[in-house]
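Shown below: input05.cif, with mmCIF, C-alpha atoms (C1' of nucleotides).
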data_work
loop_
_atom_site.group_PDB
_atom_site.id
_atom_site.type_symbol
_atom_site.label_atom_id
_atom_site.label_comp_id
_atom_site.auth_asym_id
_atom_site.auth_seq_id
_atom_site.Cartn_x
_atom_site.Cartn_y
_atom_site.Cartn_z
ATOM 1 C CA MET A 1 4.383 107.837 33.224
ATOM 2 C CA PRO A 2 4.133 106.588 29.654
ATOM 3 C CA TYR A 3 7.097 104.472 28.741
ATOM 4 C CA ARG A 4 8.227 106.777 25.970
ATOM 5 C CA ALA A 5 8.509 109.601 28.444
ATOM 6 C CA VAL A 6 10.288 107.335 30.938
ATOM 7 C CA VAL A 7 12.980 106.299 28.511
ATOM 8 C CA SER A 8 13.343 109.780 27.048
ATOM 9 C CA ALA A 9 13.813 111.225 30.500
ATOM 10 C CA GLU A 10 16.444 108.649 31.418
ATOM 11 C CA LEU A 11 18.273 109.186 28.159
ATOM 12 C CA ALA A 12 18.143 112.918 28.725
ATOM 13 C CA LYS A 13 19.769 112.422 32.117
ATOM 14 C CA LEU A 14 22.501 110.336 30.552
ATOM 15 C CA PHE A 15 23.131 112.954 27.879
ATOM 16 C CA ASN A 16 23.195 115.620 30.514
ATOM 17 C CA VAL A 17 25.960 113.778 32.312
ATOM 18 C CA LEU A 18 27.887 113.630 29.054
ATOM 19 C CA SER A 19 27.311 117.274 28.183
ATOM 20 C CA HIS A 20 30.575 118.518 29.614
ATOM 21 C CA PRO A 21 33.959 118.530 27.870
ATOM 22 C CA VAL A 22 35.887 117.434 30.944
ATOM 23 C CA ARG A 23 33.601 114.501 31.617
ATOM 24 C CA ILE A 24 33.952 113.349 28.020
ATOM 25 C CA ARG A 25 37.721 113.664 28.196
ATOM 26 C CA ILE A 26 37.773 111.666 31.413
ATOM 27 C CA ILE A 27 35.756 108.894 29.834
ATOM 28 C CA GLU A 28 38.002 108.761 26.802
ATOM 29 C CA GLU A 29 41.158 108.777 28.890
ATOM 30 C CA LEU A 30 39.780 105.945 31.035
ATOM 31 C CA LYS A 31 39.140 103.898 27.948
ATOM 32 C CA LYS A 32 42.717 102.626 27.791
ATOM 33 C CA GLU A 33 43.518 102.256 31.456
ATOM 34 C CA ASP A 34 42.305 103.016 34.935
ATOM 35 C CA LEU A 35 43.681 106.308 36.207
ATOM 36 C CA ALA A 36 44.048 108.024 39.563
ATOM 37 C CA VAL A 37 42.579 111.436 40.191
ATOM 38 C CA GLY A 38 45.988 113.084 40.303
ATOM 39 C CA THR A 39 46.902 111.630 36.934
ATOM 40 C CA LEU A 40 43.689 112.898 35.408
ATOM 41 C CA LYS A 41 44.353 116.283 36.920
ATOM 42 C CA ASP A 42 47.750 116.419 35.187
ATOM 43 C CA ILE A 43 46.383 115.154 31.880
ATOM 44 C CA LEU A 44 43.528 117.612 31.840
ATOM 45 C CA GLY A 45 45.443 120.506 33.347
ATOM 46 C CA ILE A 46 42.707 121.529 35.772
ATOM 47 C CA THR A 47 42.406 121.603 39.558
ATOM 48 C CA HIS A 48 41.928 118.423 41.538
ATOM 49 C CA SER A 49 38.681 119.819 42.841
ATOM 50 C CA ALA A 50 37.304 120.225 39.350
ATOM 51 C CA VAL A 51 38.337 116.674 38.480
ATOM 52 C CA SER A 52 36.785 115.348 41.649
ATOM 53 C CA GLN A 53 33.545 117.150 41.028
ATOM 54 C CA GLN A 54 33.220 115.841 37.502
ATOM 55 C CA LEU A 55 34.111 112.349 38.655
ATOM 56 C CA ALA A 56 31.386 112.637 41.268
ATOM 57 C CA VAL A 57 28.881 113.310 38.520
ATOM 58 C CA LEU A 58 30.057 110.325 36.516
ATOM 59 C CA ARG A 59 30.045 108.217 39.664
ATOM 60 C CA SER A 60 26.543 109.202 40.673
ATOM 61 C CA HIS A 61 25.315 107.872 37.360
ATOM 62 C CA HIS A 62 27.405 104.716 37.642
ATOM 63 C CA LEU A 63 29.403 105.413 34.527
ATOM 64 C CA VAL A 64 32.668 105.018 36.425
ATOM 65 C CA VAL A 65 33.656 102.955 39.457
ATOM 66 C CA GLU A 66 36.180 103.988 42.081
ATOM 67 C CA MET A 67 38.844 101.699 43.440
ATOM 68 C CA ARG A 68 41.005 102.862 46.317
ATOM 69 C CA GLN A 69 44.653 101.820 46.374
ATOM 70 C CA GLY A 70 46.488 103.304 49.288
ATOM 71 C CA ARG A 71 46.257 107.035 49.066
ATOM 72 C CA ASN A 72 45.205 106.959 45.445
ATOM 73 C CA VAL A 73 41.751 106.445 44.066
ATOM 74 C CA PHE A 74 41.682 104.850 40.661
ATOM 75 C CA TYR A 75 38.692 105.137 38.402
ATOM 76 C CA HIS A 76 37.630 102.837 35.655
ATOM 77 C CA LEU A 77 34.787 102.707 33.178
ATOM 78 C CA ARG A 78 31.956 100.473 34.239
ATOM 79 C CA LYS A 79 31.154 99.866 30.574
ATOM 80 C CA PRO A 80 34.156 100.490 28.333
ATOM 81 C CA GLU A 81 31.888 100.406 25.271
ATOM 82 C CA LEU A 82 30.644 103.782 26.438
ATOM 83 C CA ALA A 83 33.822 105.420 25.145
ATOM 84 C CA GLN A 84 33.360 103.830 21.732
ATOM 85 C CA TRP A 85 29.735 104.818 21.558
ATOM 86 C CA ILE A 86 30.535 108.412 22.455
ATOM 87 C CA MET A 87 33.123 108.634 19.716
ATOM 88 C CA GLN A 88 30.512 107.589 17.181
ATOM 89 C CA GLY A 89 28.749 110.804 18.106
ATOM 90 C CA VAL A 90 31.298 112.853 16.174
ATOM 91 C CA GLY A 91 29.317 111.928 13.085
ATOM 92 C CA PHE A 92 26.522 114.175 14.282
ATOM 93 C CA ILE A 93 28.534 117.200 15.294
ATOM 94 C CA SER A 94 27.208 120.336 13.716
ATOM 95 C CA PRO A 95 29.684 121.459 11.101
ATOM 96 C CA ASP A 96 29.815 125.183 11.723
ATOM 97 C CA THR A 97 30.384 125.597 15.433
ATOM 98 C CA THR A 98 34.132 125.683 14.900
ATOM 99 C CA GLU A 99 36.251 126.319 11.881
ATOM 100 C CA VAL A 100 35.392 123.358 9.726
ATOM 101 C CA GLU A 101 38.952 122.616 8.695
ATOM 102 C CA ASP A 102 40.229 122.659 12.254
ATOM 103 C CA LEU A 103 37.391 120.516 13.491
ATOM 104 C CA MET A 104 37.860 117.928 10.776
ATOM 105 C CA SER A 105 41.561 117.556 11.427
ATOM 106 C CA ALA A 106 40.937 117.484 15.156
ATOM 107 C CA ILE A 107 38.497 114.638 14.678
ATOM 108 C CA GLN A 108 41.026 112.743 12.619
ATOM 109 C CA ASN A 109 43.683 113.260 15.274
ATOM 110 C CA VAL A 110 41.422 112.258 18.086
ATOM 111 C CA LYS A 111 40.412 109.102 16.288
ATOM 112 C CA THR A 112 43.986 107.947 16.165
ATOM 113 C CA VAL A 113 44.402 108.614 19.863
ATOM 114 C CA TRP A 114 41.043 107.620 21.318
ATOM 115 C CA GLY A 115 40.390 105.095 18.618
ATOM 116 C CA ASP A 116 37.937 104.931 15.791
ATOM 117 C CA GLU A 117 35.421 102.302 16.709
ATOM 118 C CA THR A 118 33.048 102.951 13.871
ATOM 119 C CA PRO A 119 32.829 99.732 11.912
ATOM 120 C CA GLN A 120 34.313 100.862 8.662
ATOM 121 C CA PRO A 121 35.610 99.154 5.550
ATOM 122 C CA LYS A 122 39.330 98.510 5.559
ATOM 123 C CA ARG A 123 40.517 100.229 2.428
ATOM 124 C CA LYS A 124 37.460 100.212 0.311
ATOM 125 C CA LYS A 125 37.141 103.313 -1.787
ATOM 126 C CA ARG A 126 33.803 104.731 -2.667
ATOM 127 C CA GLY A 127 32.973 107.064 -5.479
ATOM 128 C CA ALA A 128 33.765 110.711 -4.821
ATOM 129 C CA MET B 129 43.139 124.612 21.267
ATOM 130 C CA PRO B 130 44.425 121.055 21.471
ATOM 131 C CA TYR B 131 42.477 118.727 19.261
ATOM 132 C CA ARG B 132 41.293 116.581 22.129
ATOM 133 C CA ALA B 133 39.730 119.607 23.763
ATOM 134 C CA VAL B 134 38.197 120.683 20.449
ATOM 135 C CA VAL B 135 36.457 117.384 19.862
ATOM 136 C CA SER B 136 35.419 117.001 23.491
ATOM 137 C CA ALA B 137 33.890 120.451 23.471
ATOM 138 C CA GLU B 138 31.967 119.763 20.278
ATOM 139 C CA LEU B 139 30.745 116.432 21.577
ATOM 140 C CA ALA B 140 29.696 118.105 24.814
ATOM 141 C CA LYS B 141 27.635 120.581 22.813
ATOM 142 C CA LEU B 142 25.962 117.754 20.957
ATOM 143 C CA PHE B 143 25.134 115.954 24.179
ATOM 144 C CA ASN B 144 23.842 119.165 25.625
ATOM 145 C CA VAL B 145 21.406 119.499 22.755
ATOM 146 C CA LEU B 146 20.259 115.949 23.395
ATOM 147 C CA SER B 147 19.930 116.390 27.142
ATOM 148 C CA HIS B 148 16.238 117.169 27.100
ATOM 149 C CA PRO B 149 13.399 114.617 27.081
ATOM 150 C CA VAL B 150 11.308 116.535 24.580
ATOM 151 C CA ARG B 151 14.172 116.926 22.142
ATOM 152 C CA ILE B 152 14.856 113.209 22.332
ATOM 153 C CA ARG B 153 11.220 112.384 21.778
ATOM 154 C CA ILE B 154 11.112 114.706 18.780
ATOM 155 C CA ILE B 155 14.121 113.009 17.232
ATOM 156 C CA GLU B 156 12.652 109.564 17.765
ATOM 157 C CA GLU B 157 9.292 110.576 16.350
ATOM 158 C CA LEU B 158 10.976 112.067 13.301
ATOM 159 C CA LYS B 159 12.802 108.822 12.701
ATOM 160 C CA LYS B 160 9.819 107.288 10.930
ATOM 161 C CA GLU B 161 8.488 110.272 9.056
ATOM 162 C CA ASP B 162 8.698 114.005 8.698
ATOM 163 C CA LEU B 163 6.199 115.773 10.933
ATOM 164 C CA ALA B 164 4.718 119.247 11.210
ATOM 165 C CA VAL B 165 4.959 121.257 14.398
ATOM 166 C CA GLY B 166 1.274 120.854 15.129
ATOM 167 C CA THR B 167 1.499 117.092 14.812
ATOM 168 C CA LEU B 168 4.427 116.982 17.203
ATOM 169 C CA LYS B 169 2.494 119.168 19.581
ATOM 170 C CA ASP B 170 -0.368 116.660 19.627
ATOM 171 C CA ILE B 171 1.911 113.652 19.976
ATOM 172 C CA LEU B 172 3.876 115.150 22.833
ATOM 173 C CA GLY B 173 0.939 116.845 24.500
ATOM 174 C CA ILE B 174 2.718 120.143 25.097
ATOM 175 C CA THR B 175 2.214 123.671 23.835
ATOM 176 C CA HIS B 176 3.187 124.644 20.309
ATOM 177 C CA SER B 177 5.554 127.187 21.776
ATOM 178 C CA ALA B 178 7.433 124.534 23.699
ATOM 179 C CA VAL B 179 7.709 122.389 20.582
ATOM 180 C CA SER B 180 8.911 125.346 18.565
ATOM 181 C CA GLN B 181 11.535 126.257 21.116
ATOM 182 C CA GLN B 182 12.937 122.756 21.291
ATOM 183 C CA LEU B 183 12.906 122.507 17.507
ATOM 184 C CA ALA B 184 14.846 125.752 17.395
ATOM 185 C CA VAL B 185 17.539 124.163 19.527
ATOM 186 C CA LEU B 186 17.713 121.109 17.298
ATOM 187 C CA ARG B 187 17.714 123.353 14.244
ATOM 188 C CA SER B 188 20.500 125.566 15.491
ATOM 189 C CA HIS B 189 22.704 122.511 15.720
ATOM 190 C CA HIS B 190 21.593 121.223 12.323
ATOM 191 C CA LEU B 191 20.140 118.028 13.668
ATOM 192 C CA VAL B 192 16.827 118.723 11.952
ATOM 193 C CA VAL B 193 15.914 120.566 8.788
ATOM 194 C CA GLU B 194 12.752 122.556 8.245
ATOM 195 C CA MET B 195 10.661 122.371 5.137
ATOM 196 C CA ARG B 196 7.763 124.752 4.697
ATOM 197 C CA GLN B 197 4.627 123.450 2.966
ATOM 198 C CA GLY B 198 1.924 126.045 2.868
ATOM 199 C CA ARG B 199 1.041 126.994 6.384
ATOM 200 C CA ASN B 200 2.785 124.010 7.873
ATOM 201 C CA VAL B 201 6.444 123.551 8.620
ATOM 202 C CA PHE B 202 7.628 119.989 8.416
ATOM 203 C CA TYR B 203 10.776 118.857 10.100
ATOM 204 C CA HIS B 204 12.981 115.950 9.245
ATOM 205 C CA LEU B 205 16.159 114.449 10.594
ATOM 206 C CA ARG B 206 19.249 115.550 8.762
ATOM 207 C CA LYS B 207 20.874 112.248 9.688
ATOM 208 C CA PRO B 208 18.316 109.543 10.483
ATOM 209 C CA GLU B 209 21.079 107.374 11.974
ATOM 210 C CA LEU B 210 21.042 109.800 14.864
ATOM 211 C CA ALA B 211 17.861 108.217 16.194
ATOM 212 C CA GLN B 212 19.434 104.766 16.138
ATOM 213 C CA TRP B 213 22.578 105.973 17.818
ATOM 214 C CA ILE B 214 20.586 107.654 20.564
ATOM 215 C CA MET B 215 18.646 104.483 21.251
ATOM 216 C CA GLN B 216 21.904 102.617 21.729
ATOM 217 C CA GLY B 217 22.456 104.930 24.666
ATOM 218 C CA VAL B 218 19.866 103.055 26.736
ATOM 219 C CA GLY B 219 22.592 100.518 27.382
ATOM 220 C CA PHE B 220 24.354 103.065 29.556
ATOM 221 C CA ILE B 221 21.415 104.334 31.550
ATOM 222 C CA SER B 222 22.093 104.199 35.247
ATOM 223 C CA PRO B 223 19.978 101.416 36.724
ATOM 224 C CA ASP B 224 18.660 103.077 39.852
ATOM 225 C CA THR B 225 17.304 106.417 38.768
ATOM 226 C CA THR B 226 13.837 104.957 38.336
ATOM 227 C CA GLU B 227 12.221 101.808 39.561
ATOM 228 C CA VAL B 228 14.285 99.166 37.843
ATOM 229 C CA GLU B 229 11.373 96.997 36.816
ATOM 230 C CA ASP B 230 9.455 99.875 35.319
ATOM 231 C CA LEU B 231 12.492 101.169 33.479
ATOM 232 C CA MET B 232 13.352 97.802 32.003
ATOM 233 C CA SER B 233 9.854 97.223 30.689
ATOM 234 C CA ALA B 234 9.706 100.770 29.405
ATOM 235 C CA ILE B 235 12.916 100.186 27.479
ATOM 236 C CA GLN B 236 11.504 97.040 25.986
ATOM 237 C CA ASN B 237 8.324 98.820 24.968
ATOM 238 C CA VAL B 238 10.157 101.737 23.479
ATOM 239 C CA LYS B 239 12.368 99.453 21.445
ATOM 240 C CA THR B 240 9.379 97.948 19.735
ATOM 241 C CA VAL B 241 8.044 101.394 18.901
ATOM 242 C CA TRP B 242 11.136 103.429 18.156
ATOM 243 C CA GLY B 243 13.026 100.348 17.095
ATOM 244 C CA ASP B 244 16.445 99.188 18.047
ATOM 245 C CA GLU B 245 19.214 98.870 15.515
ATOM 246 C CA THR B 246 17.608 96.376 13.184
ATOM 247 C CA PRO B 247 15.184 97.665 10.584
ATOM 248 C CA GLN B 248 11.727 96.497 11.486
ATOM 249 C CA PRO B 249 8.272 96.087 9.963
ATOM 250 C CA LYS B 250 6.050 99.122 10.007
ATOM 251 C CA ARG B 251 3.686 99.746 12.840
ATOM 252 C CA LYS B 252 0.579 101.828 12.833
ATOM 253 C CA LYS B 253 -0.498 101.943 16.419
ATOM 254 C CA ARG B 254 0.621 104.826 18.501
ATOM 255 C CA GLY B 255 -0.549 103.910 21.974
ATOM 256 C CA ALA B 256 0.814 105.385 25.195
ATOM 257 C "C1'" DG C 257 -6.446 144.563 3.151
ATOM 258 C "C1'" DT C 258 -8.606 141.504 6.959
ATOM 259 C "C1'" DT C 259 -9.092 137.425 9.332
ATOM 260 C "C1'" DG C 260 -7.682 132.977 11.022
ATOM 261 C "C1'" DT C 261 -4.301 129.342 11.330
ATOM 262 C "C1'" DA C 262 0.400 127.776 11.960
ATOM 263 C "C1'" DT C 263 4.684 128.703 13.670
ATOM 264 C "C1'" DA C 264 8.462 131.571 15.641
ATOM 265 C "C1'" DT C 265 10.559 134.549 18.896
ATOM 266 C "C1'" DA C 266 11.083 137.546 23.061
ATOM 267 C "C1'" DT C 267 10.917 138.153 27.891
ATOM 268 C "C1'" DA C 268 11.035 137.089 32.774
ATOM 269 C "C1'" DG C 269 11.174 134.393 36.914
ATOM 270 C "C1'" DA C 270 12.672 130.010 38.772
ATOM 271 C "C1'" DT C 271 15.994 126.336 38.690
ATOM 272 C "C1'" DA C 272 20.297 124.187 37.643
ATOM 273 C "C1'" DT C 273 25.250 124.069 36.673
ATOM 274 C "C1'" DG C 274 30.302 125.127 36.892
ATOM 275 C "C1'" DC C 275 34.156 127.298 38.949
ATOM 276 C "C1'" DT C 276 37.058 128.883 42.839
ATOM 277 C "C1'" DA C 277 38.350 128.759 47.440
ATOM 278 C "C1'" DA C 278 38.007 126.696 51.675
ATOM 279 C "C1'" DT C 279 37.260 122.849 54.653
ATOM 280 C "C1'" DG C 280 36.831 117.557 55.593
ATOM 281 C "C1'" DT C 281 38.269 112.889 55.321
ATOM 282 C "C1'" DT C 282 41.158 108.949 54.585
ATOM 283 C "C1'" DT C 283 45.606 106.944 54.257
ATOM 284 C "C1'" DG C 284 50.713 106.331 54.911
ATOM 285 C "C1'" DC C 285 54.495 107.069 57.633
ATOM 286 C "C1'" DA C 286 57.665 108.764 61.172
ATOM 287 C "C1'" DT D 287 50.162 110.656 67.909
ATOM 288 C "C1'" DG D 288 50.979 113.972 64.535
ATOM 289 C "C1'" DC D 289 51.711 115.491 59.904
ATOM 290 C "C1'" DA D 290 51.530 115.429 54.934
ATOM 291 C "C1'" DA D 291 49.551 113.529 50.603
ATOM 292 C "C1'" DA D 292 45.547 112.357 47.886
ATOM 293 C "C1'" DC D 293 40.785 113.038 47.343
ATOM 294 C "C1'" DA D 294 36.154 114.516 48.490
ATOM 295 C "C1'" DT D 295 32.877 117.802 49.718
ATOM 296 C "C1'" DT D 296 30.889 122.312 50.685
ATOM 297 C "C1'" DA D 297 29.731 127.215 50.046
ATOM 298 C "C1'" DG D 298 29.159 131.184 47.335
ATOM 299 C "C1'" DC D 299 28.864 133.489 43.133
ATOM 300 C "C1'" DA D 300 28.292 133.898 38.137
ATOM 301 C "C1'" DT D 301 26.192 131.969 34.161
ATOM 302 C "C1'" DA D 302 23.097 129.109 31.623
ATOM 303 C "C1'" DT D 303 18.626 126.749 30.923
ATOM 304 C "C1'" DC D 304 13.668 125.782 31.351
ATOM 305 C "C1'" DT D 305 8.917 126.942 31.360
ATOM 306 C "C1'" DA D 306 5.253 129.827 30.602
ATOM 307 C "C1'" DT D 307 3.310 134.027 28.782
ATOM 308 C "C1'" DA D 308 3.084 137.314 25.440
ATOM 309 C "C1'" DT D 309 3.953 139.104 21.087
ATOM 310 C "C1'" DA D 310 5.351 138.731 16.274
ATOM 311 C "C1'" DT D 311 5.635 136.719 11.668
ATOM 312 C "C1'" DA D 312 4.121 133.906 7.481
ATOM 313 C "C1'" DC D 313 0.660 132.203 4.698
ATOM 314 C "C1'" DA D 314 -4.086 131.046 2.868
ATOM 315 C "C1'" DA D 315 -8.723 132.263 2.062
ATOM 316 C "C1'" DC D 316 -11.782 135.788 1.380
#
Translate this file's structure into structure tokens.
Amino acid sequence: MPYRAVVSAELAKLFNVLSHPVRIRIIEELKKEDLAVGTLKDILGITHSAVSQQLAVLRSHHLVVEMRQGRNVFYHLRKPELAQWIMQGVGFISPDTTEVEDLMSAIQNVKTVWGDETPQPKRKKRGA
Amino acid sequence: MPYRAVVSAELAKLFNVLSHPVRIRIIEELKKEDLAVGTLKDILGITHSAVSQQLAVLRSHHLVVEMRQGRNVFYHLRKPELAQWIMQGVGFISPDTTEVEDLMSAIQNVKTVWGDETPQPKRKKRGA
DNA sequence: GTTGTATATATAGATATGCTAATGTTTGCA
DNA sequence: TGCAAACATTAGCATATCTATATATACAAC
């Protein structure tokens, strides 16, 4: 297989793993600290089975690593930079899928919570 | 909808659009120059219909813009940085989905053709 | 208008994915 | 040993996606 096709296919697989809201939320929540499945379930407000299934997908692609501690299983990001890289993707979100105003404010909010890793000037103003 | 869910859902949509090898290849090919559908068809070695359908997906999410010129329709990246950002994703590819050696060399090859982050001298050859 | 080229869309069958509910497995503790 | 808590996995159904085929549209030349 030509190398372009090889890399494209692997990237496509990666993107496929990331193409689910819950999996993205899990990754962002794991950015700060390792969390147990039950904690994720409470944070996300979905069933433990759903959490487990999405974690299995992330696990099968080695994006997260499991660590058992007693009855709990904690998960952590194998490469924490992944969360930062994902957040940079907001710059490419199509502007009309949601109400623009709501989306923009949501992005601002999320950046303060999940962090804004985009290398940006401190307080430098640019022309309107 | 809570803002975290809003942004996660929008990011998931973006990743979903990118979760196809052909769509990734199209984006990377468009990084250098705008291309017509027929040219993409030749480069990718698939039917014009397949190219058109994948372009329609990219178009519907405003990742590419169409520009008609006579009989031809040229496409270009709305945000060329998208191609760079995508390539950064190779750092998170799971290491065992393909033969590791082959994948690593393929990544190296692809970086010289599609470029990594640093701007690079122009290349003319388009070998497999 | 007619023809030919370039591109877009529509449709259908096969495959994949996500959710719920149910069942398994591992651990801690009495 | 037996039971409950914390997770994982499976099965079944609904929905979404891909690929290929067929049809439709837009434009240029005549």
Name every residue that the PyMOL selection byres ((chain C and resi 260) around 10) selects in this structure, writing the answer as an NGL selection string with chains first and numbers rising.
-> (:C and (258-259 or 261-262)) or (:D and (314-315))
Residues near DA297 in chain D, cut-off 12 Å, only C-alpha atoms (C1' of nucleotides), skip fewer than 5 positions along chain, as a PDB file with C-alpha atoms (C1' of nucleotides), in the frame of the given file:
ATOM      1  C1'  DC C 275      34.156 127.298  38.949  1.00  0.00           C
ATOM      2  C1'  DT C 276      37.058 128.883  42.839  1.00  0.00           C
ATOM      3  C1'  DA C 277      38.350 128.759  47.440  1.00  0.00           C
ATOM      4  C1'  DA C 278      38.007 126.696  51.675  1.00  0.00           C
ATOM      5  C1'  DT C 279      37.260 122.849  54.653  1.00  0.00           C
TER       6       DT C 279
END
Hey, can you check how far CA of Pro21 in chain A sits from CA of Gln53 in chain A?
->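 Taking CA of Pro21 in chain A and CA of Gln53 in chain A, their separation equals 13.2 Å.
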Residues of chain A that have any atom at most 8 Å from an atom of chain B: could you tabulate them with the shortest-distance atom pair and the distance in Å to one decimal, using all atoms listed in the file, ordered by chain and increasing number, as a Markdown table?
| residue | atom | partner | partner_atom | distance |
| --- | --- | --- | --- | --- |
| A:Pro2 | CA | B:Ala256 | CA | 5.7 |
| A:Tyr3 | CA | B:Ala234 | CA | 4.6 |
| A:Arg4 | CA | B:Val238 | CA | 5.9 |
| A:Ala5 | CA | B:Pro149 | CA | 7.1 |
| A:Val6 | CA | B:Ala234 | CA | 6.8 |
| A:Val7 | CA | B:Ile235 | CA | 6.2 |
| A:Ser8 | CA | B:Pro149 | CA | 4.8 |
| A:Ala9 | CA | B:Pro149 | CA | 4.8 |
| A:Glu10 | CA | B:Ile221 | CA | 6.6 |
| A:Leu11 | CA | B:Val218 | CA | 6.5 |
| A:Ala12 | CA | B:Ser147 | CA | 4.2 |
| A:Lys13 | CA | B:Ser147 | CA | 6.4 |
| A:Leu14 | CA | B:Ile221 | CA | 6.2 |
| A:Phe15 | CA | B:Ser147 | CA | 4.8 |
| A:Asn16 | CA | B:Ser147 | CA | 4.8 |
| A:Leu18 | CA | B:Phe143 | CA | 6.1 |
| A:Ser19 | CA | B:Ala140 | CA | 4.2 |
| A:His20 | CA | B:Ala140 | CA | 4.9 |
| A:Pro21 | CA | B:Ala137 | CA | 4.8 |
| A:Val22 | CA | B:Ser136 | CA | 7.5 |
| A:Ile24 | CA | B:Ser136 | CA | 6.0 |
| A:Arg25 | CA | B:Ser136 | CA | 6.2 |
| A:His61 | CA | B:Ser222 | CA | 5.3 |
| A:His62 | CA | B:Ser222 | CA | 5.8 |
| A:Leu63 | CA | B:Ser222 | CA | 7.4 |
| A:Lys79 | CA | B:Phe220 | CA | 7.6 |
| A:Leu82 | CA | B:Phe220 | CA | 7.1 |
| A:Trp85 | CA | B:Gly217 | CA | 7.9 |
| A:Gly89 | CA | B:Leu139 | CA | 6.9 |
| A:Val90 | CA | B:Leu139 | CA | 6.5 |
| A:Phe92 | CA | B:Leu210 | CA | 7.0 |
| A:Ile93 | CA | B:Leu142 | CA | 6.2 |
| A:Ser94 | CA | B:His189 | CA | 5.4 |
| A:Thr97 | CA | B:Glu138 | CA | 7.7 |
| A:Leu103 | CA | B:Val134 | CA | 7.0 |
| A:Ser105 | CA | B:Tyr131 | CA | 8.0 |
| A:Ala106 | CA | B:Tyr131 | CA | 4.6 |
| A:Ile107 | CA | B:Val135 | CA | 6.2 |
| A:Asn109 | CA | B:Tyr131 | CA | 6.9 |
| A:Val110 | CA | B:Arg132 | CA | 5.9 |
RMSD after least-squares fit, chain A onto chain B [all C-alpha atoms, in order] |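 Chain B versus chain A: RMSD of 6.4 Å.
Straight-line separation from CA of Lys160 in chain B to CA of Ser177 in chain B: 23.1 Å.
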Quick one: contact table of chain B to chain C, 9 Å max, nearest atom pair and distance in Å to one decimal per residue, counting all atoms listed in the file, chain and number order, as a Markdown table?
| residue | atom | partner | partner_atom | distance |
| --- | --- | --- | --- | --- |
| B:Val165 | CA | C:DT263 | C1' | 7.5 |
| B:Gly166 | CA | C:DA262 | C1' | 7.7 |
| B:His176 | CA | C:DT263 | C1' | 7.9 |
| B:Ser177 | CA | C:DA264 | C1' | 8.1 |
| B:Ser180 | CA | C:DA264 | C1' | 6.9 |
| B:Gln181 | CA | C:DA264 | C1' | 8.2 |
| B:Ala184 | CA | C:DA264 | C1' | 8.8 |
| B:Arg199 | CA | C:DA262 | C1' | 5.7 |
| B:Asn200 | CA | C:DA262 | C1' | 6.0 |
| B:Val201 | CA | C:DT263 | C1' | 7.4 |
Could you tell me how far CA of Val64 in chain A lies from CA of Ile27 in chain A, in Å and to one decimal?
->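 CA of Ile27 in chain A lies at a distance of 8.2 Å from CA of Val64 in chain A.
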Output the contact residues of chain D with respect to chain B at a cut-off of 9 Å, based on all atoms listed in the file, as a list in words.
->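 The selection requested is DT305, DA306, DA312, DC313 and DA314 of chain D.
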Quick one: which residues end up in the PyMOL selection byres ((chain B and resi 162) around 8) for this structure, as a list in words?
->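 So the PyMOL selection byres ((chain B and resi 162) around 8), applied here, picks out Leu158, Lys159, Lys160, Glu161, Leu163, Ala164, Phe202, Tyr203, His204 and Leu205 of chain B.
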Working from the structure I just supplied, which lacks atoms in range 136-146 of chain B, can you model N, CA and C atoms there and output them as a PDB file, in the coordinates of the input?
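Result saved to out-v4.pdb:
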ATOM      1  N   SER B 136      36.201 117.176  22.270  1.00  0.00           N
ATOM      2  CA  SER B 136      35.419 117.001  23.491  1.00  0.00           C
ATOM      3  C   SER B 136      34.396 118.115  23.645  1.00  0.00           C
ATOM      4  N   ALA B 137      34.809 119.325  23.342  1.00  0.00           N
ATOM      5  CA  ALA B 137      33.890 120.451  23.471  1.00  0.00           C
ATOM      6  C   ALA B 137      32.728 120.319  22.488  1.00  0.00           C
ATOM      7  N   GLU B 138      33.030 119.906  21.269  1.00  0.00           N
ATOM      8  CA  GLU B 138      31.967 119.763  20.278  1.00  0.00           C
ATOM      9  C   GLU B 138      31.027 118.626  20.651  1.00  0.00           C
ATOM     10  N   LEU B 139      31.593 117.538  21.132  1.00  0.00           N
ATOM     11  CA  LEU B 139      30.745 116.432  21.577  1.00  0.00           C
ATOM     12  C   LEU B 139      29.883 116.865  22.746  1.00  0.00           C
ATOM     13  N   ALA B 140      30.459 117.632  23.657  1.00  0.00           N
ATOM     14  CA  ALA B 140      29.696 118.105  24.814  1.00  0.00           C
ATOM     15  C   ALA B 140      28.512 118.946  24.343  1.00  0.00           C
ATOM     16  N   LYS B 141      28.740 119.776  23.347  1.00  0.00           N
ATOM     17  CA  LYS B 141      27.635 120.581  22.813  1.00  0.00           C
ATOM     18  C   LYS B 141      26.540 119.686  22.261  1.00  0.00           C
ATOM     19  N   LEU B 142      26.949 118.677  21.515  1.00  0.00           N
ATOM     20  CA  LEU B 142      25.962 117.754  20.957  1.00  0.00           C
ATOM     21  C   LEU B 142      25.153 117.109  22.068  1.00  0.00           C
ATOM     22  N   PHE B 143      25.841 116.609  23.082  1.00  0.00           N
ATOM     23  CA  PHE B 143      25.134 115.954  24.179  1.00  0.00           C
ATOM     24  C   PHE B 143      24.225 116.935  24.908  1.00  0.00           C
ATOM     25  N   ASN B 144      24.671 118.159  24.970  1.00  0.00           N
ATOM     26  CA  ASN B 144      23.842 119.165  25.625  1.00  0.00           C
ATOM     27  C   ASN B 144      22.525 119.356  24.869  1.00  0.00           C
ATOM     28  N   VAL B 145      22.621 119.364  23.561  1.00  0.00           N
ATOM     29  CA  VAL B 145      21.406 119.499  22.755  1.00  0.00           C
ATOM     30  C   VAL B 145      20.473 118.316  23.000  1.00  0.00           C
ATOM     31  N   LEU B 146      21.064 117.161  23.224  1.00  0.00           N
ATOM     32  CA  LEU B 146      20.259 115.949  23.395  1.00  0.00           C
ATOM     33  C   LEU B 146      19.814 115.740  24.839  1.00  0.00           C
TER      34      LEU B 146
END
